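Structure below is structure37.csv: CSV, C-alpha atoms.
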```
chain,number,residue,atom,x,y,z
A,304,MET,CA,77.5,110.9,74.7
A,305,ASN,CA,81.2,110.5,73.7
A,306,THR,CA,83.0,107.3,73.2
A,307,THR,CA,84.8,107.1,76.6
A,308,ALA,CA,81.6,107.6,78.6
A,309,THR,CA,79.7,105.2,76.4
A,310,LYS,CA,82.2,102.5,76.9
A,311,ALA,CA,82.3,103.0,80.7
A,312,ILE,CA,78.5,102.7,80.8
A,313,ALA,CA,78.4,99.7,78.5
A,314,ALA,CA,80.8,97.9,80.9
A,315,ASN,CA,78.5,98.8,83.8
A,316,PRO,CA,75.0,97.4,83.1
A,317,GLU,CA,73.6,98.6,86.4
A,318,THR,CA,74.7,102.2,85.5
A,319,SER,CA,73.1,101.8,82.1
A,320,ARG,CA,69.8,100.5,83.5
A,321,SER,CA,69.6,103.3,86.1
A,322,LEU,CA,69.9,106.1,83.5
A,323,ALA,CA,66.6,107.7,82.5
A,324,ARG,CA,68.5,109.8,80.0
A,325,PRO,CA,72.0,110.1,78.7
A,326,LEU,CA,74.4,111.7,81.0
A,327,PRO,CA,75.9,115.0,80.0
A,328,ALA,CA,79.2,114.6,78.2
A,329,ASN,CA,82.3,116.3,79.5
A,330,ALA,CA,85.8,115.3,80.6
A,331,VAL,CA,85.0,115.2,84.3
A,332,ILE,CA,82.1,112.8,83.9
A,333,GLU,CA,84.2,110.6,81.6
A,334,THR,CA,86.9,110.4,84.2
A,335,ILE,CA,84.5,109.4,87.0
A,336,LEU,CA,82.8,106.8,84.9
A,337,ALA,CA,86.1,105.3,83.7
A,338,ARG,CA,87.7,105.1,87.1
A,339,SER,CA,88.2,101.6,88.6
A,340,ALA,CA,90.3,100.2,91.4
A,341,ALA,CA,93.7,99.2,90.2
A,342,LYS,CA,95.2,95.9,91.5
A,343,TYR,CA,98.0,95.5,89.1
A,344,TYR,CA,100.6,98.2,88.6
A,345,ASP,CA,103.7,98.4,86.4
A,346,PRO,CA,106.4,97.9,88.9
A,347,THR,CA,109.0,99.5,86.7
A,348,ALA,CA,107.1,102.8,86.4
A,349,VAL,CA,108.0,105.9,88.4
A,350,LEU,CA,106.4,109.3,89.0
A,351,SER,CA,108.5,112.4,89.2
A,352,ASP,CA,108.6,114.7,92.2
A,353,ASP,CA,106.7,117.2,90.2
A,354,GLN,CA,104.0,114.7,89.2
A,355,ILE,CA,103.5,113.8,92.8
A,356,ARG,CA,103.4,117.4,93.8
A,357,ASP,CA,100.8,118.1,91.2
A,358,LEU,CA,98.6,115.3,92.5
A,359,VAL,CA,98.8,116.6,96.0
A,360,ARG,CA,98.2,120.1,94.9
A,361,ILE,CA,95.0,119.0,93.2
A,362,GLY,CA,94.1,117.0,96.3
A,363,THR,CA,94.3,120.1,98.4
A,364,SER,CA,91.8,121.9,96.3
A,365,ALA,CA,89.1,119.7,97.9
A,366,PRO,CA,86.8,121.3,100.5
A,367,THR,CA,87.4,121.4,104.2
A,368,SER,CA,85.3,122.7,107.0
A,369,PHE,CA,86.1,126.3,107.9
A,370,HIS,CA,89.0,126.1,105.4
A,371,LEU,CA,90.9,124.1,108.1
A,372,GLN,CA,92.9,122.1,105.5
A,373,ASN,CA,93.5,119.5,108.2
A,374,TRP,CA,95.3,117.0,106.1
A,375,ARG,CA,98.8,115.8,105.2
A,376,PHE,CA,100.0,113.5,102.5
A,377,ILE,CA,103.1,111.2,102.8
A,378,ALA,CA,104.3,109.9,99.4
A,379,VAL,CA,105.9,106.5,100.0
A,380,ARG,CA,107.9,105.9,96.9
A,381,SER,CA,111.5,104.9,97.8
A,382,PRO,CA,112.3,101.1,97.9
A,383,ASP,CA,113.1,101.5,101.6
A,384,ALA,CA,109.9,103.2,102.6
A,385,LYS,CA,107.8,100.8,100.5
A,386,ALA,CA,109.6,97.9,102.3
A,387,ARG,CA,108.7,99.4,105.6
A,388,LEU,CA,105.1,100.0,104.7
A,389,ARG,CA,104.2,96.7,103.0
A,390,PRO,CA,104.4,94.4,106.1
A,391,ILE,CA,102.1,96.7,108.0
A,392,ALA,CA,99.7,97.0,105.1
A,393,TRP,CA,98.6,93.3,104.9
A,394,ASN,CA,101.6,92.6,102.7
A,395,GLN,CA,99.6,93.8,99.7
A,396,PRO,CA,101.7,93.7,96.5
A,397,ALA,CA,100.4,97.0,95.2
A,398,ILE,CA,102.4,98.8,98.0
A,399,THR,CA,105.7,97.9,96.4
A,400,GLU,CA,104.5,97.7,92.8
A,401,ALA,CA,102.7,101.1,92.5
A,402,ALA,CA,104.8,104.1,91.7
A,403,VAL,CA,103.7,105.7,94.9
A,404,THR,CA,101.5,105.0,97.9
A,405,PHE,CA,100.1,108.0,99.7
A,406,ILE,CA,99.5,107.7,103.4
A,407,ILE,CA,96.4,110.0,103.6
A,408,VAL,CA,96.7,111.7,107.0
A,409,GLY,CA,93.8,113.5,108.7
A,410,ARG,CA,94.5,116.0,111.4
A,411,LEU,CA,92.1,116.5,114.3
A,412,ALA,CA,90.0,119.6,113.7
A,413,ASP,CA,91.6,122.5,115.6
A,414,ALA,CA,89.5,125.7,115.5
A,415,SER,CA,92.4,127.7,116.8
A,416,THR,CA,94.0,127.4,113.4
A,417,VAL,CA,91.2,129.2,111.6
A,418,PRO,CA,92.8,132.7,111.7
A,419,GLU,CA,96.0,131.4,110.3
A,420,ARG,CA,94.2,129.4,107.6
A,421,LEU,CA,92.1,132.4,106.6
A,422,ALA,CA,95.0,134.8,106.5
A,423,SER,CA,95.8,134.1,102.8
A,424,VAL,CA,92.1,134.3,102.0
A,425,VAL,CA,91.9,137.8,103.4
A,426,GLU,CA,95.2,138.7,101.7
A,427,ALA,CA,93.8,137.5,98.3
A,428,GLY,CA,90.8,139.8,98.8
A,429,ILE,CA,88.3,136.9,98.9
A,430,MET,CA,87.2,137.5,102.5
A,431,PRO,CA,87.1,140.7,104.5
A,432,ALA,CA,89.2,140.6,107.6
A,433,HIS,CA,86.2,141.3,109.9
A,434,LEU,CA,84.7,138.0,109.0
A,435,VAL,CA,87.5,135.9,110.4
A,436,PRO,CA,86.3,136.0,114.1
A,437,GLU,CA,82.8,135.2,112.8
A,438,TRP,CA,84.2,132.0,111.4
A,439,GLU,CA,86.5,131.1,114.4
A,440,GLY,CA,83.7,131.4,116.9
A,441,PRO,CA,81.4,128.9,115.4
A,442,ALA,CA,84.3,126.6,114.7
A,443,ARG,CA,85.3,126.6,118.3
A,444,GLY,CA,81.7,125.9,119.3
A,445,LEU,CA,81.7,123.0,117.0
A,446,TYR,CA,85.0,121.4,117.7
A,447,ASP,CA,86.5,122.6,121.1
A,448,ASN,CA,86.0,119.9,123.7
A,449,HIS,CA,84.3,117.6,121.2
A,450,PRO,CA,87.0,114.9,120.3
A,451,GLN,CA,84.6,112.8,118.2
A,452,ARG,CA,83.7,115.7,116.0
A,453,GLN,CA,87.4,116.6,115.7
A,454,ARG,CA,88.2,113.0,114.6
A,455,ASP,CA,85.2,112.9,112.2
A,456,GLU,CA,86.4,116.1,110.5
A,457,ALA,CA,89.9,114.6,110.2
A,458,VAL,CA,88.5,111.6,108.4
A,459,ARG,CA,86.1,113.7,106.2
A,460,SER,CA,88.8,116.1,105.1
A,461,ALA,CA,91.4,113.4,104.3
A,462,THR,CA,88.8,111.5,102.3
A,463,PHE,CA,87.8,114.5,100.2
A,464,GLY,CA,91.5,115.1,99.5
A,465,ALA,CA,92.1,111.5,98.6
A,466,ALA,CA,89.1,111.4,96.2
A,467,ALA,CA,90.4,114.5,94.4
A,468,ILE,CA,93.7,112.6,93.9
A,469,VAL,CA,91.9,109.5,92.7
A,470,TYR,CA,90.1,111.4,89.9
A,471,ALA,CA,93.1,113.5,89.0
A,472,ALA,CA,95.1,110.3,88.6
A,473,ARG,CA,92.5,108.8,86.3
A,474,SER,CA,92.4,111.9,84.2
A,475,LEU,CA,96.2,111.6,83.7
A,476,GLY,CA,96.0,107.9,82.7
A,477,LEU,CA,97.1,106.6,86.0
A,478,GLY,CA,95.5,103.9,88.1
A,479,SER,CA,94.7,104.2,91.8
A,480,THR,CA,93.3,102.3,94.7
A,481,PRO,CA,92.2,103.5,98.2
A,482,MET,CA,93.1,100.9,100.8
A,483,ILE,CA,92.0,100.4,104.4
A,484,GLY,CA,94.0,97.2,104.9
A,485,PHE,CA,96.7,98.3,107.2
A,486,ASP,CA,97.7,98.4,110.8
A,487,ALA,CA,96.9,102.0,111.8
A,488,GLU,CA,99.0,102.0,114.9
A,489,ALA,CA,102.0,100.6,113.1
A,490,VAL,CA,101.7,103.1,110.3
A,491,HIS,CA,101.4,105.9,112.8
A,492,ARG,CA,104.5,104.8,114.6
A,493,GLU,CA,106.6,103.8,111.6
A,494,PHE,CA,106.0,107.0,109.7
A,495,GLY,CA,106.2,109.4,112.6
A,496,LEU,CA,102.7,110.8,112.7
A,497,ALA,CA,101.9,113.4,115.3
A,498,GLU,CA,99.5,112.8,118.2
A,499,ASP,CA,96.8,114.8,116.5
A,500,GLU,CA,97.1,112.9,113.2
A,501,ILE,CA,95.2,109.8,111.9
A,502,PRO,CA,96.3,107.6,109.0
A,503,VAL,CA,92.9,107.6,107.3
A,504,MET,CA,93.7,105.4,104.3
A,505,LEU,CA,96.5,104.4,101.9
A,506,LEU,CA,96.2,105.4,98.3
A,507,THR,CA,98.3,103.6,95.6
A,508,VAL,CA,98.9,105.5,92.4
A,509,GLY,CA,100.8,104.6,89.2
A,510,PRO,CA,100.7,103.4,85.7
A,511,GLU,CA,98.8,100.1,85.4
A,512,ARG,CA,99.6,96.8,83.8
A,513,SER,CA,97.1,94.5,82.2
A,514,GLY,CA,94.6,92.5,84.2
A,515,ASN,CA,92.7,95.2,86.0
A,516,TRP,CA,88.9,95.1,86.0
A,517,PRO,CA,86.6,97.8,84.6
A,518,GLN,CA,84.4,99.8,87.1
A,519,LYS,CA,82.2,97.3,88.9
A,520,PRO,CA,78.4,97.6,88.6
A,521,ARG,CA,76.7,99.8,91.1
A,522,LEU,CA,73.3,99.7,92.8
A,523,PRO,CA,70.6,101.3,90.7
A,524,VAL,CA,70.0,105.0,91.4
A,525,ALA,CA,66.3,104.1,92.3
A,526,ASP,CA,67.7,102.1,95.2
A,527,VAL,CA,69.8,104.8,96.7
A,528,LEU,CA,68.1,108.1,95.8
A,529,HIS,CA,65.1,109.4,97.6
A,530,PHE,CA,63.5,112.8,97.0
A,531,ALA,CA,62.2,114.8,100.0
```
Please, can you express the file's structure as structure tokens?
Amino acid sequence: MNTTATKAIAANPETSRSLARPLPANAVIETILARSAAKYYDPTAVLSDDQIRDLVRIGTSAPTSFHLQNWRFIAVRSPDAKARLRPIAWNQPAITEAAVTFIIVGRLADASTVPERLASVVEAGIMPAHLVPEWEGPARGLYDNHPQRQRDEAVRSATFGAAAIVYAARSLGLGSTPMIGFDAEAVHREFGLAEDEIPVMLLTVGPERSGNWPQKPRLPVADVLHFA
């Protein structure tokens, strides 16, 4: 195992005890093991428009049901926008100190968008056109007239996208922290979300300053894994 992964496991004794054998060594595993929640950010640091776009582009590579891509990402990075967000996000310092705070938005699953979402897939030659109705039908059966499923899918999709950004940020040497400490109704109102949109979480991202903890110990695999 390479040095980065070894250090991450050494800082996490529960992970070390739960391993029956060394983990495979590659850059993705190193990034996952090295990730921790950042509390302290460099307040002077900035991310460029292109860096923010890159993070979101990576986030949108995450999976979504029926290729719905039912998410949106609001990059709060101007002083004015940060000042509007911080009071409705439990006044957490990271909101104004991190280079950017993403409002991770999930959209209620809407099966009627399936043909539009799959159009580029067909154009790219990945899916034959005759399969599009075969996807739309089951999607309608799953989501039409089922508001709880629509909401569940919004949360799932947004969470997958946020997770991809978290690990992409770590691989680029940036800290990040998903946050649920905010007034959802106030965020919805202040940042103009649509009726079918849900602010699922906030995600701060940026260069860190000293004082952040390493990844915290996790429950042993034996406590959370069951074979069937």
### Query
How many Å separate CA of Gly362 in chain A from CA of Val408 in chain A?
12.2 Å
### Message
Env of range 420-431 of chain A: 12 Å cut, atoms = all atoms listed in the file, seq-sep filter 5 positions within chain, self excluded. Answer as a ChimeraX atom specification.
### Response
/A:367-373,413-415,436-439
### Message
Rounded to one decimal, what separation in Å do you get between CA of Leu528 in chain A and CA of Leu326 in chain A?
### Response
16.5 Å
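One distance worth recording is that between CA of Leu388 in chain A and CA of Gln453 in chain A, which is 26.6 Å.
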Sort by chain and increasing residue number a table of all residues of range 354-375 of chain A within 8 Å of range 468-480 of chain A, each with its closest pair of atoms and their distance in Å to one decimal, counting only C-alpha atoms, and write it as CSV.
```
residue,atom,partner,partner_atom,distance
A:Leu358,CA,A:Ile468,CA,5.8
A:Val359,CA,A:Ile468,CA,6.8
A:Ile361,CA,A:Ile468,CA,6.6
A:Gly362,CA,A:Ile468,CA,5.0
```
### Query
With all atoms listed in the file as the basis for distance, which of A:Ala461, A:Leu506, A:Ile335, A:Ala525 is at the shortest distance from Arg375 in chain A?
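That would be A:Ala461, the residue with the smallest distance to Arg375 in chain A.
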### Task
Go through A:Gly444, A:Gly464, A:Gly409, A:Gly484 and flag the residue nearest Asp499 in chain A, using only C-alpha atoms for the distances.
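When distances to Asp499 in chain A are compared using only C-alpha atoms, the smallest one comes from A:Gly409.
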### Task
Name the residues in contact with Ala384 in chain A at a cut-off of 10 Å, using all atoms listed in the file, excluding same-chain residues fewer than 6 positions from it; report them as a list of chain:residue names.
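In the requested format, the answer is A:Ala378, A:Ile398, A:Thr399, A:Thr404, A:Glu493, A:Phe494.
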Can you write just those residues out, C-alpha atoms, as a JSON list (two decimals), in the frame of the given file?
```
[["chain", "number", "residue", "atom", "x", "y", "z"],
["A", 378, "ALA", "CA", 104.30, 109.90, 99.40],
["A", 398, "ILE", "CA", 102.40, 98.80, 98.00],
["A", 399, "THR", "CA", 105.70, 97.90, 96.40],
["A", 404, "THR", "CA", 101.50, 105.00, 97.90],
["A", 493, "GLU", "CA", 106.60, 103.80, 111.60],
["A", 494, "PHE", "CA", 106.00, 107.00, 109.70]]
```
### Task
Mind checking which residues fall within 7 Å of range 341-356 of chain A, counting all atoms listed in the file, ignoring those fewer than 6 positions away in the same chain, and posting them as a VMD selection string?
chain A and resid 397 400 to 402 478 to 480 509 to 512 514 to 515
### Query
Taking into account all atoms listed in the file, which residue in the set A:Ile406, A:Ala466, A:Val524, A:Ile501 is nearest to Arg389 in chain A?
A:Ile406
### Query
Which residue out of A:Ser381, A:Trp393, A:Trp374, A:Pro441 has the minimum interatomic distance to Ala487 in chain A when all atoms listed in the file are used?
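Of A:Ser381, A:Trp393, A:Trp374, A:Pro441, the one nearest Ala487 in chain A is A:Trp393, counting all atoms listed in the file.
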